[in-house]
file query_13.cif (mmCIF, C-alpha atoms)
data_coords
loop_
_atom_site.label_atom_id
_atom_site.label_comp_id
_atom_site.auth_asym_id
_atom_site.auth_seq_id
_atom_site.Cartn_x
_atom_site.Cartn_y
_atom_site.Cartn_z
CA MET A 1 -12.58 -37.98 -25.87
CA ARG A 2 -15.96 -36.93 -24.47
CA ALA A 3 -14.72 -37.52 -20.92
CA LEU A 4 -11.60 -35.44 -21.66
CA ARG A 5 -13.71 -32.57 -23.00
CA ILE A 6 -15.89 -32.68 -19.89
CA LEU A 7 -12.77 -32.65 -17.68
CA VAL A 8 -11.39 -29.63 -19.54
CA ILE A 9 -14.70 -27.76 -19.24
CA VAL A 10 -14.90 -28.48 -15.49
CA ALA A 11 -11.29 -27.37 -15.04
CA VAL A 12 -11.98 -24.10 -16.90
CA ILE A 13 -15.11 -23.42 -14.81
CA LEU A 14 -13.32 -24.15 -11.55
CA GLY A 15 -10.38 -22.07 -12.61
CA GLY A 16 -12.69 -19.17 -13.43
CA LEU A 17 -14.41 -19.47 -10.07
CA PHE A 18 -11.05 -19.51 -8.30
CA VAL A 19 -9.89 -16.40 -10.17
CA ALA A 20 -13.16 -14.61 -9.36
CA ALA A 21 -12.91 -15.57 -5.70
CA ASP A 22 -9.25 -14.52 -5.63
CA ARG A 23 -10.03 -11.10 -7.13
CA LEU A 24 -12.94 -10.55 -4.74
CA ALA A 25 -10.69 -11.44 -1.81
CA VAL A 26 -7.89 -9.13 -2.91
CA GLY A 27 -10.33 -6.26 -3.39
CA PHE A 28 -11.69 -6.72 0.10
CA ALA A 29 -8.16 -6.96 1.54
CA GLU A 30 -7.07 -3.75 -0.22
CA ASP A 31 -10.04 -1.84 1.20
CA GLU A 32 -9.40 -3.15 4.72
CA ALA A 33 -5.68 -2.39 4.52
CA ALA A 34 -6.41 1.16 3.35
CA GLN A 35 -8.76 1.78 6.27
CA GLN A 36 -6.31 0.35 8.81
CA LEU A 37 -3.45 2.43 7.40
CA LYS A 38 -5.59 5.56 7.50
CA ALA A 39 -6.50 4.93 11.14
CA SER A 40 -3.04 3.92 12.35
CA GLU A 41 -1.32 6.93 10.72
CA GLY A 42 -4.08 9.45 11.42
CA LEU A 43 -4.42 10.33 7.74
CA THR A 44 -7.05 12.79 6.52
CA THR A 45 -7.57 10.92 3.24
CA THR A 46 -7.94 7.22 2.51
CA PRO A 47 -4.79 5.83 0.87
CA ASP A 48 -4.82 3.78 -2.30
CA VAL A 49 -3.59 0.23 -1.60
CA SER A 50 -2.87 -2.20 -4.42
CA ILE A 51 -1.83 -5.79 -3.70
CA LYS A 52 0.18 -7.24 -6.57
CA GLY A 53 0.83 -10.86 -7.51
CA PHE A 54 -1.41 -13.80 -8.27
CA PRO A 55 -2.89 -15.77 -6.72
CA PHE A 56 -3.60 -13.63 -3.69
CA LEU A 57 -5.15 -16.44 -1.64
CA THR A 58 -1.99 -18.51 -1.93
CA GLN A 59 0.04 -15.57 -0.59
CA VAL A 60 -2.39 -15.20 2.32
CA ALA A 61 -2.02 -18.88 3.12
CA GLY A 62 1.75 -18.36 3.33
CA GLY A 63 1.37 -15.38 5.68
CA GLU A 64 3.22 -12.91 3.43
CA LEU A 65 2.39 -10.70 0.44
CA ASP A 66 5.06 -10.31 -2.21
CA ASP A 67 4.37 -6.77 -3.36
CA VAL A 68 2.06 -4.02 -2.07
CA GLU A 69 1.83 -0.51 -3.53
CA VAL A 70 0.54 2.37 -1.41
CA GLY A 71 -0.38 5.87 -2.61
CA ILE A 72 -1.25 8.69 -0.21
CA GLU A 73 -2.29 12.22 -1.12
CA ASN A 74 -1.69 15.26 1.10
CA VAL A 75 0.29 13.71 3.94
CA GLU A 76 0.94 16.04 6.87
CA ALA A 77 4.50 15.27 8.02
CA SER A 78 6.11 16.58 11.19
CA THR A 79 8.81 19.26 10.99
CA GLY A 80 10.06 18.56 14.49
CA LYS A 81 8.58 21.84 15.76
CA PRO A 82 5.47 21.85 17.98
CA GLY A 83 2.32 22.66 16.04
CA GLU A 84 4.11 22.78 12.66
CA SER A 85 3.77 20.38 9.76
CA ILE A 86 4.62 20.21 6.07
CA ARG A 87 2.25 18.88 3.44
CA ILE A 88 3.48 16.17 1.08
CA ALA A 89 1.34 16.38 -2.04
CA ASP A 90 1.92 12.82 -3.20
CA LEU A 91 3.57 9.84 -1.54
CA GLN A 92 3.98 6.59 -3.48
CA ALA A 93 5.57 3.58 -1.82
CA ASN A 94 6.29 0.04 -2.96
CA MET A 95 6.40 -2.52 -0.13
CA ARG A 96 8.13 -5.88 -0.50
CA GLY A 97 7.68 -8.95 1.68
CA VAL A 98 4.67 -7.78 3.69
CA ALA A 99 4.17 -10.21 6.58
CA PHE A 100 1.02 -10.03 8.70
CA SER A 101 -0.08 -11.41 12.05
CA SER A 102 -2.35 -14.45 12.35
CA ASP A 103 -5.34 -12.24 13.25
CA TYR A 104 -4.53 -9.76 10.43
CA SER A 105 -4.35 -6.88 12.93
CA SER A 106 -0.80 -5.85 11.99
CA ALA A 107 1.45 -5.93 8.94
CA THR A 108 5.13 -5.15 8.42
CA ALA A 109 7.06 -4.83 5.14
CA ASP A 110 10.57 -6.20 4.94
CA SER A 111 11.60 -3.27 2.72
CA ALA A 112 10.06 -0.22 1.08
CA THR A 113 11.05 2.27 -1.61
CA GLY A 114 9.09 5.17 -3.00
CA THR A 115 8.80 8.81 -3.97
CA ALA A 116 7.26 11.90 -2.45
CA THR A 117 6.58 15.38 -3.82
CA ILE A 118 6.68 18.60 -1.80
CA GLY A 119 5.48 21.79 -3.46
CA TYR A 120 7.68 24.88 -3.49
CA ASP A 121 5.02 26.79 -1.56
CA GLU A 122 5.36 24.28 1.29
CA LEU A 123 9.16 24.30 1.24
CA LEU A 124 9.10 28.10 1.29
CA LYS A 125 7.77 27.95 4.85
CA ALA A 126 11.25 26.95 6.04
CA ALA A 127 12.96 29.95 4.39
CA LYS A 128 13.26 33.41 5.90
CA SER A 129 10.32 35.16 4.28
CA GLU A 130 10.24 38.08 6.72
CA PRO A 131 12.65 41.02 6.20
CA THR A 132 15.85 40.28 8.11
CA ASP A 133 18.63 42.73 8.98
CA VAL A 134 21.82 41.66 7.21
CA GLY A 135 23.91 44.70 8.15
CA LEU A 136 24.83 48.10 6.70
CA GLY A 137 21.15 49.04 6.75
CA PHE A 138 20.17 46.25 4.36
CA THR A 139 17.30 43.83 4.89
CA ALA A 140 16.68 40.69 2.86
CA ARG A 141 14.11 37.93 2.60
CA VAL A 142 13.27 34.94 0.42
CA VAL A 143 10.20 35.69 -1.71
CA GLY A 144 9.95 32.58 -3.88
CA LEU A 145 11.25 29.17 -4.85
CA SER A 146 11.04 27.52 -8.26
CA ASP A 147 12.67 24.97 -10.53
CA GLY A 148 16.08 26.18 -11.67
CA GLY A 149 16.67 23.30 -14.09
CA LYS A 150 19.21 20.47 -13.95
CA GLY A 151 18.09 19.45 -10.48
CA LYS A 152 18.63 22.90 -8.97
CA ILE A 153 16.28 25.20 -7.05
CA LYS A 154 16.02 28.88 -7.95
CA VAL A 155 15.79 30.99 -4.81
CA ASN A 156 14.45 34.52 -5.28
CA VAL A 157 15.75 36.97 -2.65
CA GLU A 158 14.36 40.47 -2.20
CA ILE A 159 17.01 43.01 -1.15
CA ASP A 160 15.96 46.28 0.46
CA PRO A 161 18.97 48.62 0.60
CA PRO A 162 18.88 51.91 2.50
CA ALA A 163 17.40 54.87 0.58
CA LEU A 164 16.90 52.75 -2.55
CA ALA A 165 14.03 50.73 -4.02
CA PRO A 166 13.94 47.00 -3.21
CA GLN A 167 15.38 44.66 -5.84
CA THR A 168 15.03 40.91 -6.38
CA VAL A 169 17.98 38.68 -7.18
CA SER A 170 17.98 34.97 -7.97
CA VAL A 171 20.46 32.29 -6.98
CA LEU A 172 20.70 28.67 -8.07
CA SER A 173 20.87 26.32 -5.11
CA THR A 174 21.68 22.67 -4.56
CA VAL A 175 19.09 20.62 -2.69
CA SER A 176 20.15 17.54 -0.74
CA VAL A 177 19.10 15.23 2.08
CA LYS A 178 20.92 15.42 5.39
CA GLY A 179 19.44 12.92 7.82
CA ASP A 180 15.76 13.82 8.22
CA LYS A 181 16.22 17.25 6.62
CA VAL A 182 15.95 18.68 3.13
CA GLU A 183 18.80 21.18 2.81
CA VAL A 184 18.92 24.06 0.33
CA GLN A 185 22.34 25.68 -0.19
CA ALA A 186 23.25 28.42 -2.69
CA ASP A 187 25.90 27.46 -5.26
CA SER A 188 27.14 31.07 -5.37
CA LEU A 189 26.11 34.14 -3.43
CA PRO A 190 24.25 37.13 -4.87
CA SER A 191 25.55 40.66 -4.70
CA LEU A 192 23.37 42.58 -2.27
CA GLY A 193 23.26 45.94 -3.97
CA GLY A 194 27.05 46.04 -4.18
CA ALA A 195 27.40 45.87 -0.40
CA ASP A 196 30.32 43.88 0.99
CA LEU A 197 28.54 41.63 3.48
CA ALA A 198 30.03 38.59 5.17
CA GLU A 199 29.30 35.27 3.48
CA ASN A 200 27.72 33.78 6.60
CA VAL A 201 25.35 36.75 6.81
CA VAL A 202 24.19 36.31 3.21
CA ARG A 203 23.87 32.54 3.63
CA SER A 204 21.69 33.07 6.67
CA ILE A 205 19.08 34.20 4.13
CA THR A 206 19.78 32.08 1.04
CA ASP A 207 20.43 28.76 2.80
CA PHE A 208 17.89 26.86 4.89
CA GLN A 209 16.77 23.42 6.04
CA GLN A 210 13.38 21.74 6.38
CA ALA A 211 13.02 18.75 8.69
CA ILE A 212 10.57 16.06 7.52
CA ASP A 213 9.88 13.45 10.15
CA ASP A 214 7.31 10.83 11.14
CA LEU A 215 6.53 9.68 7.61
CA PRO A 216 3.96 6.85 7.36
CA GLY A 217 5.32 3.49 8.45
CA GLY A 218 8.62 5.00 9.57
CA ILE A 219 10.08 5.37 6.06
CA LYS A 220 13.00 7.80 5.75
CA LEU A 221 14.29 10.39 3.30
CA ASP A 222 16.93 9.10 0.87
CA LYS A 223 17.52 11.53 -2.02
CA VAL A 224 15.97 14.76 -3.30
CA GLU A 225 15.95 16.70 -6.56
CA ALA A 226 14.26 19.85 -7.82
CA ALA A 227 11.40 19.33 -10.29
CA PRO A 228 8.92 21.62 -12.09
CA ASP A 229 6.22 21.48 -9.39
CA GLY A 230 8.38 21.05 -6.30
CA VAL A 231 11.09 18.84 -4.89
CA GLU A 232 10.89 15.12 -5.58
CA ILE A 233 12.14 12.98 -2.73
CA THR A 234 13.12 9.33 -2.80
CA VAL A 235 12.21 7.47 0.38
CA LYS A 236 13.21 4.05 1.67
CA GLY A 237 12.90 1.92 4.76
CA SER A 238 13.12 -1.54 6.27
CA ASN A 239 10.75 -3.25 8.69
CA VAL A 240 8.12 -0.69 7.69
CA LYS A 241 4.97 -0.96 9.77
CA LEU A 242 1.80 -0.68 7.70
CA ALA A 243 -0.80 -1.34 10.38
CA GLY A 244 -1.15 -2.39 13.99
#
call {"tool": "encode", "arguments": {"input": "query_13.cif", "output": "C-alpha coordinates"}}
result
Amino acid sequence: MRALRILVIVAVILGGLFVAADRLAVGFAEDEAAQQLKASEGLTTTPDVSIKGFPFLTQVAGGELDDVEVGIENVEASTGKPGESIRIADLQANMRGVAFSSDYSSATADSATGTATIGYDELLKAAKSEPTDVGLGFTARVVGLSDGGKGKIKVNVEIDPPALAPQTVSVLSTVSVKGDKVEVQADSLPSLGGADLAENVVRSITDFQQAIDDLPGGIKLDKVEAAPDGVEITVKGSNVKLAG
(Lines of atoms letter the chains of each structure in order from A and count residues from 1; the text may use other names and numbers.)
(Lines give C-alpha, C1' and ligand atoms only; values in the text may rest on other atoms or scores of the structure.)
Protein backbone atom coordinates (compact mmCIF):
# COMPACT_ATOMS: atom_id res chain seq x y z
CA MET A 1 0.00 0.00 0.00
CA ARG A 2 2.83 2.41 0.81
CA ALA A 3 4.40 1.77 -2.59
CA LEU A 4 1.04 2.41 -4.28
CA ARG A 5 0.61 5.70 -2.43
CA ILE A 6 4.11 6.77 -3.49
CA LEU A 7 3.32 5.83 -7.10
CA VAL A 8 0.11 7.87 -7.02
CA ILE A 9 1.91 10.89 -5.53
CA VAL A 10 4.65 10.70 -8.19
CA ALA A 11 2.04 10.38 -10.94
CA VAL A 12 0.17 13.45 -9.63
CA ILE A 13 3.38 15.50 -9.44
CA LEU A 14 4.46 14.49 -12.93
CA GLY A 15 1.00 15.15 -14.26
CA GLY A 16 1.04 18.61 -12.69
CA LEU A 17 4.44 19.35 -14.19
CA PHE A 18 3.24 18.21 -17.61
CA VAL A 19 0.14 20.42 -17.39
CA ALA A 20 2.26 23.40 -16.31
CA ALA A 21 4.72 22.81 -19.14
CA ASP A 22 1.85 22.38 -21.60
CA ARG A 23 0.22 25.66 -20.54
CA LEU A 24 3.52 27.53 -20.71
CA ALA A 25 4.12 26.16 -24.19
CA VAL A 26 0.66 27.08 -25.44
CA GLY A 27 1.01 30.61 -24.06
CA PHE A 28 4.30 31.08 -25.85
CA ALA A 29 2.84 29.66 -29.08
CA GLU A 30 -0.18 32.00 -28.92
CA ASP A 31 2.08 35.04 -28.53
CA GLU A 32 4.31 33.96 -31.42
CA ALA A 33 1.34 33.21 -33.66
CA ALA A 34 -0.18 36.62 -32.91
CA GLN A 35 3.05 38.40 -33.83
CA GLN A 36 3.46 36.42 -37.05
CA LEU A 37 -0.15 37.08 -38.06
CA LYS A 38 0.26 40.78 -37.35
CA ALA A 39 3.40 40.94 -39.51
CA SER A 40 2.12 38.81 -42.39
CA GLU A 41 -1.18 40.73 -42.68
CA GLY A 42 0.26 44.18 -41.96
CA LEU A 43 -2.13 44.73 -39.05
CA THR A 44 -1.97 47.87 -36.91
CA THR A 45 -2.98 46.00 -33.74
CA THR A 46 -1.83 42.68 -32.33
CA PRO A 47 -4.54 40.02 -32.76
CA ASP A 48 -5.76 37.81 -29.95
CA VAL A 49 -4.88 34.16 -30.65
CA SER A 50 -6.26 31.35 -28.50
CA ILE A 51 -5.23 27.74 -29.10
CA LYS A 52 -7.89 25.34 -27.86
CA GLY A 53 -7.62 21.66 -26.93
CA PHE A 54 -5.48 19.75 -24.48
CA PRO A 55 -2.77 18.67 -24.44
CA PHE A 56 -1.16 21.23 -26.71
CA LEU A 57 2.21 19.47 -26.88
CA THR A 58 0.60 16.32 -28.25
CA GLN A 59 -1.04 18.38 -31.01
CA VAL A 60 2.32 19.96 -31.84
CA ALA A 61 3.91 16.54 -32.07
CA GLY A 62 1.24 15.58 -34.62
CA GLY A 63 1.89 18.70 -36.71
CA GLU A 64 -1.69 20.02 -36.51
CA LEU A 65 -3.78 22.05 -34.06
CA ASP A 66 -7.43 21.11 -33.70
CA ASP A 67 -8.95 24.49 -32.98
CA VAL A 68 -7.55 28.04 -33.03
CA GLU A 69 -9.56 31.19 -32.35
CA VAL A 70 -8.39 34.56 -33.68
CA GLY A 71 -9.78 37.99 -32.77
CA ILE A 72 -8.69 41.16 -34.57
CA GLU A 73 -9.82 44.71 -33.82
CA ASN A 74 -9.96 47.50 -36.41
CA VAL A 75 -8.98 45.62 -39.56
CA GLU A 76 -8.45 47.81 -42.61
CA ALA A 77 -9.91 45.86 -45.55
CA SER A 78 -9.51 46.78 -49.20
CA THR A 79 -12.48 48.18 -51.15
CA GLY A 80 -10.90 47.42 -54.50
CA LYS A 81 -10.27 51.14 -55.13
CA PRO A 82 -6.73 52.57 -54.94
CA GLY A 83 -6.07 54.32 -51.65
CA GLU A 84 -9.46 53.39 -50.15
CA SER A 85 -10.17 51.01 -47.30
CA ILE A 86 -13.00 50.14 -44.94
CA ARG A 87 -12.52 49.55 -41.23
CA ILE A 88 -13.86 46.34 -39.71
CA ALA A 89 -14.42 47.03 -36.02
CA ASP A 90 -14.25 43.42 -34.88
CA LEU A 91 -13.28 40.22 -36.68
CA GLN A 92 -13.59 36.88 -34.89
CA ALA A 93 -12.56 33.68 -36.64
CA ASN A 94 -12.50 30.04 -35.61
CA MET A 95 -9.87 27.95 -37.44
CA ARG A 96 -10.08 24.17 -37.65
CA GLY A 97 -7.30 21.75 -38.55
CA VAL A 98 -4.39 24.19 -38.46
CA ALA A 99 -1.35 22.47 -39.98
CA PHE A 100 2.09 24.07 -39.72
CA SER A 101 5.44 23.58 -41.40
CA SER A 102 8.30 21.70 -39.74
CA ASP A 103 10.13 24.97 -38.97
CA TYR A 104 6.90 26.64 -37.71
CA SER A 105 7.30 29.48 -40.23
CA SER A 106 3.89 28.95 -41.85
CA ALA A 107 0.46 27.69 -40.86
CA THR A 108 -2.70 26.93 -42.83
CA ALA A 109 -6.20 26.14 -41.53
CA ASP A 110 -8.26 23.51 -43.30
CA SER A 111 -11.41 25.57 -42.69
CA ALA A 112 -12.48 28.78 -41.00
CA THR A 113 -15.75 30.40 -39.94
CA GLY A 114 -16.31 33.66 -38.15
CA THR A 115 -18.04 37.01 -37.83
CA ALA A 116 -17.14 40.60 -38.58
CA THR A 117 -18.79 43.91 -37.69
CA ILE A 118 -18.76 47.04 -39.85
CA GLY A 119 -20.12 50.25 -38.35
CA TYR A 120 -22.78 52.24 -40.20
CA ASP A 121 -20.43 55.21 -40.39
CA GLU A 122 -17.97 53.08 -42.37
CA LEU A 123 -20.64 51.63 -44.66
CA LEU A 124 -21.95 55.14 -45.30
CA LYS A 125 -18.74 55.90 -47.22
CA ALA A 126 -20.04 53.77 -50.10
CA ALA A 127 -23.34 55.69 -50.37
CA LYS A 128 -23.86 58.90 -52.30
CA SER A 129 -23.47 61.47 -49.54
CA GLU A 130 -22.95 64.43 -51.87
CA PRO A 131 -26.01 66.14 -53.43
CA THR A 132 -26.76 64.44 -56.74
CA ASP A 133 -29.02 65.71 -59.52
CA VAL A 134 -31.95 63.32 -59.92
CA GLY A 135 -33.90 65.40 -62.44
CA LEU A 136 -36.68 68.01 -62.44
CA GLY A 137 -34.45 70.30 -60.39
CA PHE A 138 -34.25 67.86 -57.48
CA THR A 139 -31.06 66.80 -55.73
CA ALA A 140 -30.76 63.94 -53.26
CA ARG A 141 -28.15 62.37 -51.02
CA VAL A 142 -27.85 59.72 -48.32
CA VAL A 143 -27.32 61.36 -44.93
CA GLY A 144 -27.38 58.38 -42.58
CA LEU A 145 -27.66 54.65 -42.05
CA SER A 146 -29.04 52.85 -39.01
CA ASP A 147 -30.66 49.65 -37.82
CA GLY A 148 -34.17 49.33 -39.23
CA GLY A 149 -35.06 46.20 -37.24
CA LYS A 150 -35.70 42.65 -38.42
CA GLY A 151 -32.38 42.51 -40.25
CA LYS A 152 -33.06 45.63 -42.33
CA ILE A 153 -31.07 48.84 -42.76
CA LYS A 154 -32.79 52.21 -42.52
CA VAL A 155 -31.43 54.58 -45.16
CA ASN A 156 -32.07 58.28 -44.57
CA VAL A 157 -32.22 60.30 -47.80
CA GLU A 158 -32.24 64.10 -47.88
CA ILE A 159 -34.34 65.51 -50.75
CA ASP A 160 -33.79 69.09 -51.89
CA PRO A 161 -36.63 70.09 -54.23
CA PRO A 162 -36.57 73.35 -56.20
CA ALA A 163 -37.82 76.42 -54.31
CA LEU A 164 -38.66 74.34 -51.22
CA ALA A 165 -36.87 73.44 -48.00
CA PRO A 166 -34.95 70.14 -47.94
CA GLN A 167 -36.74 67.16 -46.40
CA THR A 168 -35.48 63.80 -45.14
CA VAL A 169 -37.21 60.53 -45.95
CA SER A 170 -36.36 57.05 -44.72
CA VAL A 171 -36.48 53.74 -46.56
CA LEU A 172 -36.02 50.21 -45.25
CA SER A 173 -33.44 48.30 -47.25
CA THR A 174 -32.33 44.71 -47.56
CA VAL A 175 -28.63 44.02 -47.09
CA SER A 176 -27.03 41.00 -48.73
CA VAL A 177 -23.70 39.58 -49.88
CA LYS A 178 -22.95 39.41 -53.58
CA GLY A 179 -19.52 37.94 -54.14
CA ASP A 180 -17.04 40.22 -52.35
CA LYS A 181 -19.60 43.02 -51.97
CA VAL A 182 -22.12 44.07 -49.34
CA GLU A 183 -25.19 45.24 -51.26
CA VAL A 184 -27.88 47.56 -49.89
CA GLN A 185 -31.15 47.68 -51.85
CA ALA A 186 -34.33 49.58 -50.93
CA ASP A 187 -37.42 47.41 -50.41
CA SER A 188 -39.65 50.22 -51.68
CA LEU A 189 -38.84 53.65 -53.07
CA PRO A 190 -39.53 56.95 -51.32
CA SER A 191 -41.60 59.71 -52.83
CA LEU A 192 -39.28 62.56 -53.70
CA GLY A 193 -41.48 65.50 -52.87
CA GLY A 194 -44.26 64.11 -55.05
CA ALA A 195 -42.09 64.22 -58.15
CA ASP A 196 -42.52 61.43 -60.69
CA LEU A 197 -38.91 60.31 -61.14
CA ALA A 198 -37.78 57.13 -62.86
CA GLU A 199 -37.13 54.18 -60.55
CA ASN A 200 -33.55 53.75 -61.75
CA VAL A 201 -32.86 57.42 -60.95
CA VAL A 202 -34.14 57.07 -57.39
CA ARG A 203 -32.30 53.78 -56.89
CA SER A 204 -29.08 55.43 -57.99
CA ILE A 205 -29.28 57.20 -54.62
CA THR A 206 -30.92 54.67 -52.31
CA ASP A 207 -29.07 51.55 -53.51
CA PHE A 208 -25.32 51.01 -53.25
CA GLN A 209 -22.58 48.40 -52.88
CA GLN A 210 -19.42 48.21 -50.80
CA ALA A 211 -16.64 45.84 -51.86
CA ILE A 212 -14.71 44.20 -49.01
CA ASP A 213 -11.64 42.35 -50.18
CA ASP A 214 -8.29 41.04 -48.94
CA LEU A 215 -9.54 39.91 -45.54
CA PRO A 216 -6.89 38.27 -43.30
CA GLY A 217 -5.95 34.79 -44.41
CA GLY A 218 -8.07 35.02 -47.55
CA ILE A 219 -11.40 34.43 -45.80
CA LYS A 220 -14.50 35.50 -47.75
CA LEU A 221 -17.86 37.12 -47.07
CA ASP A 222 -20.74 34.67 -46.60
CA LYS A 223 -23.83 36.36 -45.12
CA VAL A 224 -24.73 39.78 -43.73
CA GLU A 225 -27.46 41.22 -41.52
CA ALA A 226 -28.22 44.62 -40.03
CA ALA A 227 -27.60 44.99 -36.29
CA PRO A 228 -27.84 47.85 -33.77
CA ASP A 229 -24.23 49.05 -34.18
CA GLY A 230 -23.64 48.15 -37.82
CA VAL A 231 -23.83 45.24 -40.20
CA GLU A 232 -22.78 41.83 -38.91
CA ILE A 233 -21.08 39.68 -41.53
CA THR A 234 -20.48 35.95 -41.46
CA VAL A 235 -17.19 34.94 -43.05
CA LYS A 236 -15.84 31.55 -44.09
CA GLY A 237 -12.92 30.04 -45.94
CA SER A 238 -10.88 26.95 -46.66
CA ASN A 239 -7.10 26.55 -46.80
CA VAL A 240 -6.83 29.79 -44.84
CA LYS A 241 -3.26 30.98 -44.48
CA LEU A 242 -2.47 32.24 -40.99
CA ALA A 243 1.25 32.92 -41.36
CA GLY A 244 4.13 32.47 -43.76
call {"tool": "residues_around", "arguments": {"input": "query_13.cif", "residues": "Arg141 of chain A", "least_positions_apart": "3", "cutoff": "9 Å", "atoms": "only C-alpha atoms", "output": "CSV table (one decimal) with C-alpha atoms, in the frame of the given file"}}
result
chain,number,residue,atom,x,y,z
A,127,ALA,CA,13.0,30.0,4.4
A,128,LYS,CA,13.3,33.4,5.9
A,129,SER,CA,10.3,35.2,4.3
A,130,GLU,CA,10.2,38.1,6.7
A,131,PRO,CA,12.6,41.0,6.2
A,132,THR,CA,15.8,40.3,8.1
A,156,ASN,CA,14.4,34.5,-5.3
A,157,VAL,CA,15.8,37.0,-2.6
A,158,GLU,CA,14.4,40.5,-2.2
A,159,ILE,CA,17.0,43.0,-1.2
A,160,ASP,CA,16.0,46.3,0.5
A,205,ILE,CA,19.1,34.2,4.1
A,206,THR,CA,19.8,32.1,1.0
call {"tool": "atom_distance", "arguments": {"input": "query_13.cif", "atom1": "atom CA of Asp207 of chain A", "atom2": "atom CA of Ala227 of chain A"}}
result
18.5 Å
call {"tool": "residues_near_point", "arguments": {"input": "query_13.cif", "point": "(10.8, 2.9, 5.1)", "cutoff": "8 Å", "atoms": "all atoms listed in the file", "output": "PyMOL selection string"}}
result
chain A and resi 111-113+217-220+235-240
call {"tool": "residues_near_point", "arguments": {"input": "query_13.cif", "point": "(13.2, 12.0, 0.7)", "cutoff": "10 Å", "atoms": "all atoms listed in the file", "output": "list in words"}}
result
Gly114, Thr115, Ala116, Thr117, Ile118, Ser176, Val177, Lys178, Gly179, Asp180, Lys181, Val182, Ile212, Leu215, Ile219, Lys220, Leu221, Asp222, Lys223, Val224, Glu225, Val231, Glu232, Ile233, Thr234, Val235 and Lys236 of chain A
call {"tool": "residues_around", "arguments": {"input": "query_13.cif", "residues": "Leu172 of chain A", "least_positions_apart": "4", "cutoff": "8 Å", "atoms": "only C-alpha atoms", "output": "PDB file with C-alpha atoms, keeping the file's coordinate frame"}}
result
ATOM      1  CA  GLY A 148      16.080  26.180 -11.670  1.00  0.00           C
ATOM      2  CA  LYS A 152      18.630  22.900  -8.970  1.00  0.00           C
ATOM      3  CA  ILE A 153      16.280  25.200  -7.050  1.00  0.00           C
ATOM      4  CA  LYS A 154      16.020  28.880  -7.950  1.00  0.00           C
ATOM      5  CA  VAL A 155      15.790  30.990  -4.810  1.00  0.00           C
ATOM      6  CA  ALA A 186      23.250  28.420  -2.690  1.00  0.00           C
ATOM      7  CA  ASP A 187      25.900  27.460  -5.260  1.00  0.00           C
ATOM      8  CA  SER A 188      27.140  31.070  -5.370  1.00  0.00           C
TER       9      SER A 188
END
call {"tool": "closest_residue", "arguments": {"input": "query_13.cif", "among": "A:Thr45, A:Thr79, A:Gln35, A:Thr58", "to": "Gln209 of chain A", "atoms": "only C-alpha atoms"}}
result
A:Thr79
call {"tool": "atom_distance", "arguments": {"input": "query_13.cif", "atom1": "atom CA of Asp90 of chain A", "atom2": "atom CA of Val175 of chain A"}}
result
18.9 Å
call {"tool": "closest_residue", "arguments": {"input": "query_13.cif", "among": "A:Ala29, A:Val75, A:Ala107, A:Val60", "to": "Glu41 of chain A", "atoms": "all atoms listed in the file"}}
result
A:Val75
call {"tool": "atom_distance", "arguments": {"input": "query_13.cif", "atom1": "atom CA of Ser146 of chain A", "atom2": "atom CA of Glu76 of chain A"}}
result
21.5 Å
call {"tool": "residues_around", "arguments": {"input": "query_13.cif", "residues": "Ala33 of chain A", "least_positions_apart": "2", "cutoff": "10 Å", "atoms": "all atoms listed in the file", "output": "MDAnalysis selection string"}}
result
chainID A and resid 27:31 35:39 47:51 70 104:107 242:243
call {"tool": "resolve_selection", "arguments": {"input": "query_13.cif", "expression": "the PyMOL selection byres ((chain A and resi 123) around 10)", "output": "PyMOL selection string"}}
result
chain A and resi 86-88+118-122+124-127+144-145+182+184+208-210+230-231
call {"tool": "closest_residue", "arguments": {"input": "query_13.cif", "among": "A:Phe138, A:Val68, A:Asp110, A:Asp213", "to": "Leu164 of chain A", "atoms": "only C-alpha atoms"}}
result
A:Phe138
call {"tool": "closest_residue", "arguments": {"input": "query_13.cif", "among": "A:Asp147, A:Lys81, A:Pro161, A:Gly135", "to": "Asp229 of chain A", "atoms": "all atoms listed in the file"}}
result
A:Asp147
call {"tool": "closest_residue", "arguments": {"input": "query_13.cif", "among": "A:Ala93, A:Ala25, A:Gly83, A:Gly62", "to": "Pro216 of chain A", "atoms": "all atoms listed in the file"}}
result
A:Ala93
